[in-house]
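Printed here is structure25.cif (mmCIF, C-alpha atoms):
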```cif
data_input
#
loop_
_atom_site.group_PDB
_atom_site.id
_atom_site.type_symbol
_atom_site.label_atom_id
_atom_site.label_comp_id
_atom_site.auth_asym_id
_atom_site.auth_seq_id
_atom_site.Cartn_x
_atom_site.Cartn_y
_atom_site.Cartn_z
ATOM 1 C CA LEU A 191 11.580 15.741 50.961
ATOM 2 C CA GLU A 192 13.824 13.920 48.502
ATOM 3 C CA ASN A 193 11.940 13.661 45.178
ATOM 4 C CA SER A 194 9.009 15.440 46.818
ATOM 5 C CA VAL A 195 7.567 18.918 46.791
ATOM 6 C CA HIS A 196 5.236 20.253 49.463
ATOM 7 C CA ILE A 197 2.758 22.933 48.402
ATOM 8 C CA TRP A 198 1.439 25.079 51.250
ATOM 9 C CA THR A 199 -1.605 27.328 50.960
ATOM 10 C CA ILE A 200 -1.821 30.350 53.285
ATOM 11 C CA HIS A 201 -5.265 31.976 53.476
ATOM 12 C CA LEU A 202 -4.242 35.551 54.151
ATOM 13 C CA THR A 203 -7.676 36.932 54.985
ATOM 14 C CA GLU A 204 -8.425 34.189 57.513
ATOM 15 C CA ASN A 205 -5.057 34.698 59.215
ATOM 16 C CA LYS A 206 -5.521 38.452 59.734
ATOM 17 C CA ARG A 207 -6.754 37.740 63.252
ATOM 18 C CA ASP A 208 -3.187 36.700 64.112
ATOM 19 C CA LEU A 209 -1.530 39.737 62.494
ATOM 20 C CA PRO A 210 0.243 40.973 65.685
ATOM 21 C CA GLU A 211 1.848 37.568 66.169
ATOM 22 C CA TYR A 212 2.944 37.429 62.525
ATOM 23 C CA ASN A 213 4.452 40.907 62.916
ATOM 24 C CA SER A 214 6.446 39.720 65.902
ATOM 25 C CA ILE A 215 8.290 36.979 63.972
ATOM 26 C CA LEU A 216 9.486 39.145 61.078
ATOM 27 C CA SER A 217 13.108 40.226 60.866
ATOM 28 C CA PRO A 218 13.966 43.937 61.076
ATOM 29 C CA THR A 219 14.493 43.977 57.303
ATOM 30 C CA GLU A 220 11.082 42.402 56.691
ATOM 31 C CA THR A 221 9.435 44.817 59.136
ATOM 32 C CA LYS A 222 10.994 47.742 57.292
ATOM 33 C CA ARG A 223 9.756 46.331 54.003
ATOM 34 C CA ALA A 224 6.241 45.901 55.391
ATOM 35 C CA ARG A 225 6.168 49.507 56.565
ATOM 36 C CA SER A 226 7.150 50.688 53.087
ATOM 37 C CA PHE A 227 3.752 49.686 51.689
ATOM 38 C CA ARG A 228 1.366 52.617 51.571
ATOM 39 C CA GLY A 229 -1.851 50.608 51.655
ATOM 40 C CA ASN A 230 -2.870 48.778 54.827
ATOM 41 C CA CYS A 231 -3.991 45.722 52.870
ATOM 42 C CA ASP A 232 -0.683 45.369 51.016
ATOM 43 C CA ARG A 233 1.226 45.831 54.279
ATOM 44 C CA GLU A 234 -0.879 43.245 56.107
ATOM 45 C CA PHE A 235 -0.766 40.663 53.328
ATOM 46 C CA TYR A 236 3.009 41.002 52.978
ATOM 47 C CA THR A 237 3.351 40.441 56.733
ATOM 48 C CA LEU A 238 1.067 37.410 56.690
ATOM 49 C CA ALA A 239 2.791 35.878 53.672
ATOM 50 C CA ARG A 240 6.328 36.347 55.016
ATOM 51 C CA GLY A 241 5.313 35.322 58.511
ATOM 52 C CA GLY A 242 3.547 32.286 57.081
ATOM 53 C CA LEU A 243 6.684 31.381 55.156
ATOM 54 C CA ARG A 244 8.734 31.544 58.360
ATOM 55 C CA LEU A 245 6.254 29.333 60.209
ATOM 56 C CA ILE A 246 6.320 26.776 57.411
ATOM 57 C CA LEU A 247 10.117 26.711 57.227
ATOM 58 C CA SER A 248 10.324 26.348 60.999
ATOM 59 C CA GLU A 249 8.537 22.994 60.710
ATOM 60 C CA TYR A 250 11.304 21.659 58.466
ATOM 61 C CA LEU A 251 14.260 23.276 60.226
ATOM 62 C CA GLY A 252 13.190 22.699 63.832
ATOM 63 C CA LEU A 253 13.844 26.343 64.693
ATOM 64 C CA PRO A 254 11.613 29.107 66.044
ATOM 65 C CA ALA A 255 10.208 31.053 63.095
ATOM 66 C CA LYS A 256 11.766 34.305 64.291
ATOM 67 C CA ASP A 257 15.258 32.770 64.448
ATOM 68 C CA ILE A 258 15.388 31.672 60.809
ATOM 69 C CA LYS A 259 17.809 33.841 58.852
ATOM 70 C CA LEU A 260 16.559 34.713 55.391
ATOM 71 C CA SER A 261 18.282 36.775 52.746
ATOM 72 C CA CYS A 262 17.944 37.378 49.023
ATOM 73 C CA ASP A 263 20.404 36.483 46.322
ATOM 74 C CA ARG A 264 21.632 39.046 43.794
ATOM 75 C CA TYR A 265 18.419 38.690 41.772
ATOM 76 C CA GLY A 266 16.063 38.925 44.743
ATOM 77 C CA LYS A 267 15.208 35.236 45.282
ATOM 78 C CA PRO A 268 14.859 34.501 49.020
ATOM 79 C CA LYS A 269 17.082 31.858 50.577
ATOM 80 C CA ILE A 270 18.019 30.495 53.991
ATOM 81 C CA THR A 271 21.420 31.579 55.257
ATOM 82 C CA GLY A 272 23.663 29.937 57.813
ATOM 83 C CA LYS A 273 24.596 26.336 58.434
ATOM 84 C CA ILE A 274 21.042 25.106 59.034
ATOM 85 C CA GLU A 275 19.650 25.346 55.521
ATOM 86 C CA GLN A 276 19.910 21.529 55.037
ATOM 87 C CA GLY A 277 19.546 21.785 51.260
ATOM 88 C CA LEU A 278 16.044 23.165 51.645
ATOM 89 C CA GLU A 279 14.690 24.939 48.559
ATOM 90 C CA PHE A 280 11.541 27.045 48.674
ATOM 91 C CA ASN A 281 9.596 29.739 46.884
ATOM 92 C CA LEU A 282 6.704 32.015 47.807
ATOM 93 C CA SER A 283 3.994 33.805 45.844
ATOM 94 C CA HIS A 284 0.892 35.717 46.887
ATOM 95 C CA SER A 285 -2.027 37.320 45.100
ATOM 96 C CA GLY A 286 -5.449 38.366 46.315
ATOM 97 C CA ASP A 287 -6.451 36.422 49.422
ATOM 98 C CA TYR A 288 -3.907 33.611 49.075
ATOM 99 C CA ALA A 289 -0.212 32.864 49.297
ATOM 100 C CA LEU A 290 1.428 29.659 48.093
ATOM 101 C CA CYS A 291 4.729 28.262 49.284
ATOM 102 C CA ALA A 292 6.616 25.410 47.599
ATOM 103 C CA VAL A 293 9.202 23.497 49.647
ATOM 104 C CA THR A 294 11.559 20.805 48.386
ATOM 105 C CA LYS A 295 15.165 19.671 48.849
ATOM 106 C CA ASN A 296 18.280 20.070 46.701
ATOM 107 C CA THR A 297 16.195 21.047 43.661
ATOM 108 C CA PRO A 298 15.374 24.589 42.490
ATOM 109 C CA VAL A 299 11.652 25.310 42.542
ATOM 110 C CA GLY A 300 9.444 28.253 41.628
ATOM 111 C CA ILE A 301 5.761 28.911 42.261
ATOM 112 C CA ASP A 302 3.231 31.522 41.172
ATOM 113 C CA ILE A 303 -0.396 32.314 41.966
ATOM 114 C CA GLU A 304 -2.446 35.030 40.279
ATOM 115 C CA LYS A 305 -5.940 36.311 40.912
ATOM 116 C CA ILE A 306 -7.926 36.743 37.701
ATOM 117 C CA ARG A 307 -8.800 40.406 37.316
ATOM 118 C CA ALA A 308 -11.847 41.485 35.341
ATOM 119 C CA ARG A 309 -10.405 43.463 32.434
ATOM 120 C CA ASP A 310 -11.320 43.856 28.803
ATOM 121 C CA PRO A 311 -9.752 40.979 26.818
ATOM 122 C CA SER A 312 -7.861 43.492 24.685
ATOM 123 C CA HIS A 313 -5.896 44.463 27.799
ATOM 124 C CA TYR A 314 -4.514 40.942 28.136
ATOM 125 C CA VAL A 315 -3.853 40.677 24.411
ATOM 126 C CA ARG A 316 -1.743 43.856 24.563
ATOM 127 C CA ILE A 317 0.317 42.502 27.477
ATOM 128 C CA ALA A 318 0.805 39.157 25.702
ATOM 129 C CA ASN A 319 1.917 40.922 22.511
ATOM 130 C CA ARG A 320 4.426 42.980 24.478
ATOM 131 C CA PHE A 321 5.913 40.423 26.857
ATOM 132 C CA PHE A 322 5.148 36.847 25.754
ATOM 133 C CA SER A 323 6.863 34.803 23.060
ATOM 134 C CA GLU A 324 5.414 35.058 19.562
ATOM 135 C CA ASN A 325 3.828 31.601 19.733
ATOM 136 C CA GLU A 326 2.169 32.306 23.092
ATOM 137 C CA ALA A 327 0.895 35.727 22.031
ATOM 138 C CA ASP A 328 -0.464 34.263 18.797
ATOM 139 C CA VAL A 329 -2.585 31.726 20.690
ATOM 140 C CA ILE A 330 -4.002 34.415 22.991
ATOM 141 C CA ARG A 331 -4.791 37.053 20.358
ATOM 142 C CA ASN A 332 -6.556 34.491 18.143
ATOM 143 C CA ALA A 333 -8.628 32.959 20.951
ATOM 144 C CA PRO A 334 -12.357 33.639 21.464
ATOM 145 C CA MET A 335 -12.817 36.708 23.673
ATOM 146 C CA ASN A 336 -14.305 34.672 26.516
ATOM 147 C CA GLU A 337 -11.170 32.489 26.602
ATOM 148 C CA VAL A 338 -8.541 35.213 26.593
ATOM 149 C CA ALA A 339 -8.270 35.837 30.350
ATOM 150 C CA SER A 340 -8.009 32.144 31.235
ATOM 151 C CA LEU A 341 -5.380 31.516 28.569
ATOM 152 C CA PHE A 342 -3.441 34.612 29.639
ATOM 153 C CA PHE A 343 -3.296 33.658 33.329
ATOM 154 C CA SER A 344 -2.543 30.035 32.523
ATOM 155 C CA CYS A 345 0.425 31.199 30.464
ATOM 156 C CA TRP A 346 1.488 33.870 32.970
ATOM 157 C CA THR A 347 1.592 31.588 36.005
ATOM 158 C CA ARG A 348 3.469 28.858 34.144
ATOM 159 C CA LYS A 349 6.035 31.367 32.909
ATOM 160 C CA GLU A 350 6.427 33.124 36.256
ATOM 161 C CA ALA A 351 6.915 29.802 38.052
ATOM 162 C CA TYR A 352 9.716 28.937 35.610
ATOM 163 C CA VAL A 353 11.384 32.352 35.997
ATOM 164 C CA LYS A 354 11.182 32.065 39.788
ATOM 165 C CA GLN A 355 12.691 28.574 39.672
ATOM 166 C CA HIS A 356 15.792 30.150 38.175
ATOM 167 C CA GLY A 357 15.586 33.198 40.440
ATOM 168 C CA LEU A 358 16.648 35.569 37.679
ATOM 169 C CA GLY A 359 13.756 38.018 37.879
ATOM 170 C CA LEU A 360 13.785 40.579 35.076
ATOM 171 C CA ARG A 361 17.135 39.239 33.882
ATOM 172 C CA LEU A 362 15.134 36.483 32.157
ATOM 173 C CA PRO A 363 12.612 38.214 29.840
ATOM 174 C CA LEU A 364 9.325 36.355 29.452
ATOM 175 C CA ARG A 365 9.608 36.349 25.665
ATOM 176 C CA ASN A 366 12.881 34.393 25.814
ATOM 177 C CA PHE A 367 11.134 31.052 26.334
ATOM 178 C CA THR A 368 7.807 29.408 25.506
ATOM 179 C CA VAL A 369 5.310 27.357 27.511
ATOM 180 C CA ASN A 370 2.105 25.817 26.256
ATOM 181 C CA VAL A 371 -0.780 28.207 26.891
ATOM 182 C CA ASP A 372 -3.902 26.039 27.062
ATOM 183 C CA TYR A 373 -5.048 25.547 30.665
ATOM 184 C CA ARG A 374 -6.953 22.424 29.609
ATOM 185 C CA LYS A 375 -3.709 20.656 28.707
ATOM 186 C CA GLN A 376 -0.738 19.496 30.773
ATOM 187 C CA ALA A 377 1.635 22.381 31.437
ATOM 188 C CA ARG A 378 5.024 22.048 29.773
ATOM 189 C CA LEU A 379 8.079 24.016 28.801
ATOM 190 C CA GLU A 380 8.235 24.000 25.000
ATOM 191 C CA ASN A 381 11.234 26.075 23.981
ATOM 192 C CA THR A 382 14.133 27.722 25.819
ATOM 193 C CA PRO A 383 16.643 29.240 23.395
ATOM 194 C CA TRP A 384 18.478 30.941 26.272
ATOM 195 C CA HIS A 385 19.070 27.565 28.000
ATOM 196 C CA PRO A 386 18.185 24.713 25.577
ATOM 197 C CA SER A 387 18.758 21.825 28.002
ATOM 198 C CA ASP A 388 16.017 23.119 30.307
ATOM 199 C CA VAL A 389 13.340 21.567 28.098
ATOM 200 C CA GLU A 390 14.607 18.151 29.152
ATOM 201 C CA VAL A 391 15.159 18.824 32.856
ATOM 202 C CA THR A 392 12.295 21.146 33.848
ATOM 203 C CA ARG A 393 8.755 20.137 34.716
ATOM 204 C CA ILE A 394 5.887 22.611 35.129
ATOM 205 C CA TYR A 395 2.630 21.668 36.848
ATOM 206 C CA ASP A 396 -0.649 23.515 37.289
ATOM 207 C CA LEU A 397 -2.145 23.626 40.773
ATOM 208 C CA GLN A 398 -5.771 23.315 41.810
ATOM 209 C CA VAL A 399 -6.553 26.495 43.736
ATOM 210 C CA ALA A 400 -9.570 28.577 44.685
ATOM 211 C CA SER A 401 -12.007 29.646 41.991
ATOM 212 C CA GLY A 402 -10.898 32.863 40.323
ATOM 213 C CA TYR A 403 -7.179 32.049 40.575
ATOM 214 C CA PHE A 404 -4.536 30.311 38.475
ATOM 215 C CA ALA A 405 -1.360 28.796 39.928
ATOM 216 C CA ALA A 406 1.583 26.697 38.803
ATOM 217 C CA TYR A 407 4.953 25.486 40.037
ATOM 218 C CA SER A 408 8.141 24.649 38.160
ATOM 219 C CA ILE A 409 10.858 22.285 39.324
ATOM 220 C CA ALA A 410 14.234 21.226 37.936
ATOM 221 C CA SER A 411 13.784 17.474 38.055
ATOM 222 C CA THR A 412 13.496 14.654 35.551
ATOM 223 C CA LYS A 413 12.389 12.215 38.241
ATOM 224 C CA SER A 414 8.842 11.487 39.317
ATOM 225 C CA VAL A 415 8.017 13.970 42.073
ATOM 226 C CA ARG A 416 5.586 13.243 44.889
ATOM 227 C CA VAL A 417 3.371 16.224 45.706
ATOM 228 C CA GLY A 418 1.870 16.937 49.119
ATOM 229 C CA GLN A 419 -0.578 19.796 49.597
ATOM 230 C CA TYR A 420 -1.081 21.452 52.975
ATOM 231 C CA THR A 421 -2.784 24.466 54.499
ATOM 232 C CA LYS A 422 -1.214 26.923 56.921
ATOM 233 C CA SER A 423 -4.283 28.345 58.621
ATOM 234 C CA SER A 424 -2.959 29.336 62.021
ATOM 235 C CA LEU A 425 0.186 29.938 64.054
ATOM 236 C CA MET A 426 0.243 26.302 65.183
#
```

As a first step, turn the structure in this file into structure tokens.
Amino acid sequence: LENSVHIWTIHLTENKRDLPEYNSILSPTETKRARSFRGNCDREFYTLARGGLRLILSEYLGLPAKDIKLSCDRYGKPKITGKIEQGLEFNLSHSGDYALCAVTKNTPVGIDIEKIRARDPSHYVRIANRFFSENEADVIRNAPMNEVASLFFSCWTRKEAYVKQHGLGLRLPLRNFTVNVDYRKQARLENTPWHPSDVEVTRIYDLQVASGYFAAYSIASTKSVRVGQYTKSSLM
């Protein structure tokens, strides 16, 4: 995994047939969290995403999925605890029918996937004006109406991946840094007043995912990174 990142796709809907088995490998804390969801779909997809994460990590750690000890840091970013973490870094995101998991070693990484929701373009413009940097919001509000949603989700996933790389959650407001917005161009971090050196050491990449979704990952590395893409479609 040195100088590599593995991107795993988990098809949540297809894996629902194995839901009892996924339930059985969750920790008591994860089970409690799953039960807190009011909707069956949200509860099931959380279980499948977290269970899928455990199964993926078990392949790297050589441990049964149920025995892996996971916790969250002070900002809510999941991590492996104990002496078996082996420098493994990972991040998980799910939206709609899919979850994505990024796994690498000794390098912080963040990943985000978002399902495009059919809303009036003005809805996305309002969100961009409220939460995005001025440059990003300006691109979105001046775009043709039929481009707004794609530009918004391109920007959102790139920004969320970067925030999740740092694991700061809401402590890092989205307007405090700028990415390029255009999904037709190479993703990049353009400006980070809160942490200026990040522009030189962070790389953001878009991911090819199912139609109707946008996804990106962000990694703290100036080196060329090899990318492997895999699918977790069963318990095996």

Taking the file as shown, find all residues satisfying the PyMOL selection byres ((chain A and resi 198-205) around 10) and write them as a CSV table (one decimal) with C-alpha atoms, in the frame of the given file.
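Written file, selection_30.csv:
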```csv
chain,number,residue,atom,x,y,z
A,195,VAL,CA,7.6,18.9,46.8
A,196,HIS,CA,5.2,20.3,49.5
A,197,ILE,CA,2.8,22.9,48.4
A,206,LYS,CA,-5.5,38.5,59.7
A,207,ARG,CA,-6.8,37.7,63.3
A,208,ASP,CA,-3.2,36.7,64.1
A,209,LEU,CA,-1.5,39.7,62.5
A,212,TYR,CA,2.9,37.4,62.5
A,231,CYS,CA,-4.0,45.7,52.9
A,234,GLU,CA,-0.9,43.2,56.1
A,235,PHE,CA,-0.8,40.7,53.3
A,236,TYR,CA,3.0,41.0,53.0
A,237,THR,CA,3.4,40.4,56.7
A,238,LEU,CA,1.1,37.4,56.7
A,239,ALA,CA,2.8,35.9,53.7
A,242,GLY,CA,3.5,32.3,57.1
A,243,LEU,CA,6.7,31.4,55.2
A,246,ILE,CA,6.3,26.8,57.4
A,282,LEU,CA,6.7,32.0,47.8
A,283,SER,CA,4.0,33.8,45.8
A,284,HIS,CA,0.9,35.7,46.9
A,285,SER,CA,-2.0,37.3,45.1
A,286,GLY,CA,-5.4,38.4,46.3
A,287,ASP,CA,-6.5,36.4,49.4
A,288,TYR,CA,-3.9,33.6,49.1
A,289,ALA,CA,-0.2,32.9,49.3
A,290,LEU,CA,1.4,29.7,48.1
A,291,CYS,CA,4.7,28.3,49.3
A,292,ALA,CA,6.6,25.4,47.6
A,293,VAL,CA,9.2,23.5,49.6
A,399,VAL,CA,-6.6,26.5,43.7
A,418,GLY,CA,1.9,16.9,49.1
A,419,GLN,CA,-0.6,19.8,49.6
A,420,TYR,CA,-1.1,21.5,53.0
A,421,THR,CA,-2.8,24.5,54.5
A,422,LYS,CA,-1.2,26.9,56.9
A,423,SER,CA,-4.3,28.3,58.6
A,424,SER,CA,-3.0,29.3,62.0
A,425,LEU,CA,0.2,29.9,64.1
```

So that I can check the surroundings of A:Ser323, please list as a short mmCIF file (atom, residue, chain, number, x, y, z; two decimals) with C-alpha atoms, keeping the file's coordinate frame every protein, DNA and RNA residue that reaches within 7 Å of it, counting only C-alpha atoms and ignoring chain neighbours fewer than 4 positions away.
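Everything below was put into selection32.cif:
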```
data_model
loop_
_atom_site.label_atom_id
_atom_site.label_comp_id
_atom_site.auth_asym_id
_atom_site.auth_seq_id
_atom_site.Cartn_x
_atom_site.Cartn_y
_atom_site.Cartn_z
CA ALA A 327 0.90 35.73 22.03
CA ARG A 365 9.61 36.35 25.66
CA ASN A 366 12.88 34.39 25.81
CA PHE A 367 11.13 31.05 26.33
CA THR A 368 7.81 29.41 25.51
#
```

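Of note, atom CA of A:Leu397 and atom CA of A:Asn370 are spaced 15.3 Å apart.
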
Give one line per residue of stretch 209-319 of chain A that approaches stretch 339-346 of chain A to at most 10 Å, naming the two atoms of the closest pair and their distance in Å to one decimal, counting all atoms listed in the file; sort by chain then ascending residue number and deliver it as JSON lines.
```
{"residue": "A:Asp302", "atom": "CA", "partner": "A:Trp346", "partner_atom": "CA", "distance": 8.7}
{"residue": "A:Ile303", "atom": "CA", "partner": "A:Phe343", "partner_atom": "CA", "distance": 9.2}
{"residue": "A:Glu304", "atom": "CA", "partner": "A:Phe343", "partner_atom": "CA", "distance": 7.1}
{"residue": "A:Lys305", "atom": "CA", "partner": "A:Phe343", "partner_atom": "CA", "distance": 8.5}
{"residue": "A:Ile306", "atom": "CA", "partner": "A:Phe343", "partner_atom": "CA", "distance": 7.1}
{"residue": "A:Arg307", "atom": "CA", "partner": "A:Ala339", "partner_atom": "CA", "distance": 8.3}
{"residue": "A:Ala308", "atom": "CA", "partner": "A:Ala339", "partner_atom": "CA", "distance": 8.3}
{"residue": "A:Arg309", "atom": "CA", "partner": "A:Ala339", "partner_atom": "CA", "distance": 8.2}
{"residue": "A:Asp310", "atom": "CA", "partner": "A:Ala339", "partner_atom": "CA", "distance": 8.7}
{"residue": "A:Pro311", "atom": "CA", "partner": "A:Ala339", "partner_atom": "CA", "distance": 6.4}
{"residue": "A:Ser312", "atom": "CA", "partner": "A:Ala339", "partner_atom": "CA", "distance": 9.5}
{"residue": "A:His313", "atom": "CA", "partner": "A:Ala339", "partner_atom": "CA", "distance": 9.3}
{"residue": "A:Tyr314", "atom": "CA", "partner": "A:Phe342", "partner_atom": "CA", "distance": 6.6}
{"residue": "A:Val315", "atom": "CA", "partner": "A:Phe342", "partner_atom": "CA", "distance": 8.0}
{"residue": "A:Ile317", "atom": "CA", "partner": "A:Phe342", "partner_atom": "CA", "distance": 9.0}
{"residue": "A:Ala318", "atom": "CA", "partner": "A:Phe342", "partner_atom": "CA", "distance": 7.4}
```

Please expand the PyMOL selection byres ((chain A and resi 380) around 6) into the concrete residues it hits in this file, giving the result as a PDB file with C-alpha atoms, keeping the file's coordinate frame.
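Result saved to expr28.pdb:
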```pdb
ATOM      1  CA  THR A 368       7.807  29.408  25.506  1.00  0.00           C
ATOM      2  CA  VAL A 369       5.310  27.357  27.511  1.00  0.00           C
ATOM      3  CA  LEU A 379       8.079  24.016  28.801  1.00  0.00           C
ATOM      4  CA  ASN A 381      11.234  26.075  23.981  1.00  0.00           C
TER       5      ASN A 381
END
```

Atomic distance atom CA of A:Pro218 - atom CA of A:Leu251, expressed in Å with one decimal:
20.7 Å

Expressed in Å to a single decimal, how great is the separation between atom CA of A:Asp232 and atom CA of A:Asp263?
23.4 Å

Distance criterion (only C-alpha atoms): nearest to A:Gly359 out of A:Phe227, A:Tyr250, A:Tyr265, A:Tyr395:
A:Tyr265

First collect every listed atom of stretch 340-344 of chain A; then fit an axis-aligned box around them, widen it by 4 Å on each side, and give centre and edge lengths in Å to one decimal, as lines of an AutoDock Vina configuration file.
```
center_x = -5.3
center_y = 32.3
center_z = 30.9
size_x = 13.5
size_y = 12.6
size_z = 12.8
```

Could you tell me, as a ChimeraX atom specification, exactly which residues end up selected when the PyMOL selection byres ((chain A and resi 254) around 12) is applied to this structure?
/A:214-216,241,244-253,255-259,425-426

Just checking: using all atoms listed in the file, which residue out of A:Lys295, A:Phe321, A:Ser226, A:Glu326 ends up closest to A:Asn193?
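Residue with the minimum atom-to-atom distance to A:Asn193: A:Lys295.
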
Tell me which of A:Met335, A:Val389, A:Ala405, A:Leu360 sits closest to A:Tyr373, counting only C-alpha atoms.
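Looking only at the distances to A:Tyr373, the closest residue turns out to be A:Ala405.
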
Looking at only C-alpha atoms, which of A:Arg228, A:Lys375, A:Lys269, A:Arg348 is the one that sits closest to A:Arg393?
A:Arg348

Contacts of A:Ile301 at 6 Å (only C-alpha atoms; same-chain gap of 6+ positions) as a list in words
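Contacts, with the query itself left out: Ala351, Ala406 and Tyr407 of chain A.
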
Would you mind telling me which residue in A:Gln355, A:Thr412, A:Asn296, A:Asn319 lies nearest to A:Val391 when using all atoms listed in the file?
A:Thr412
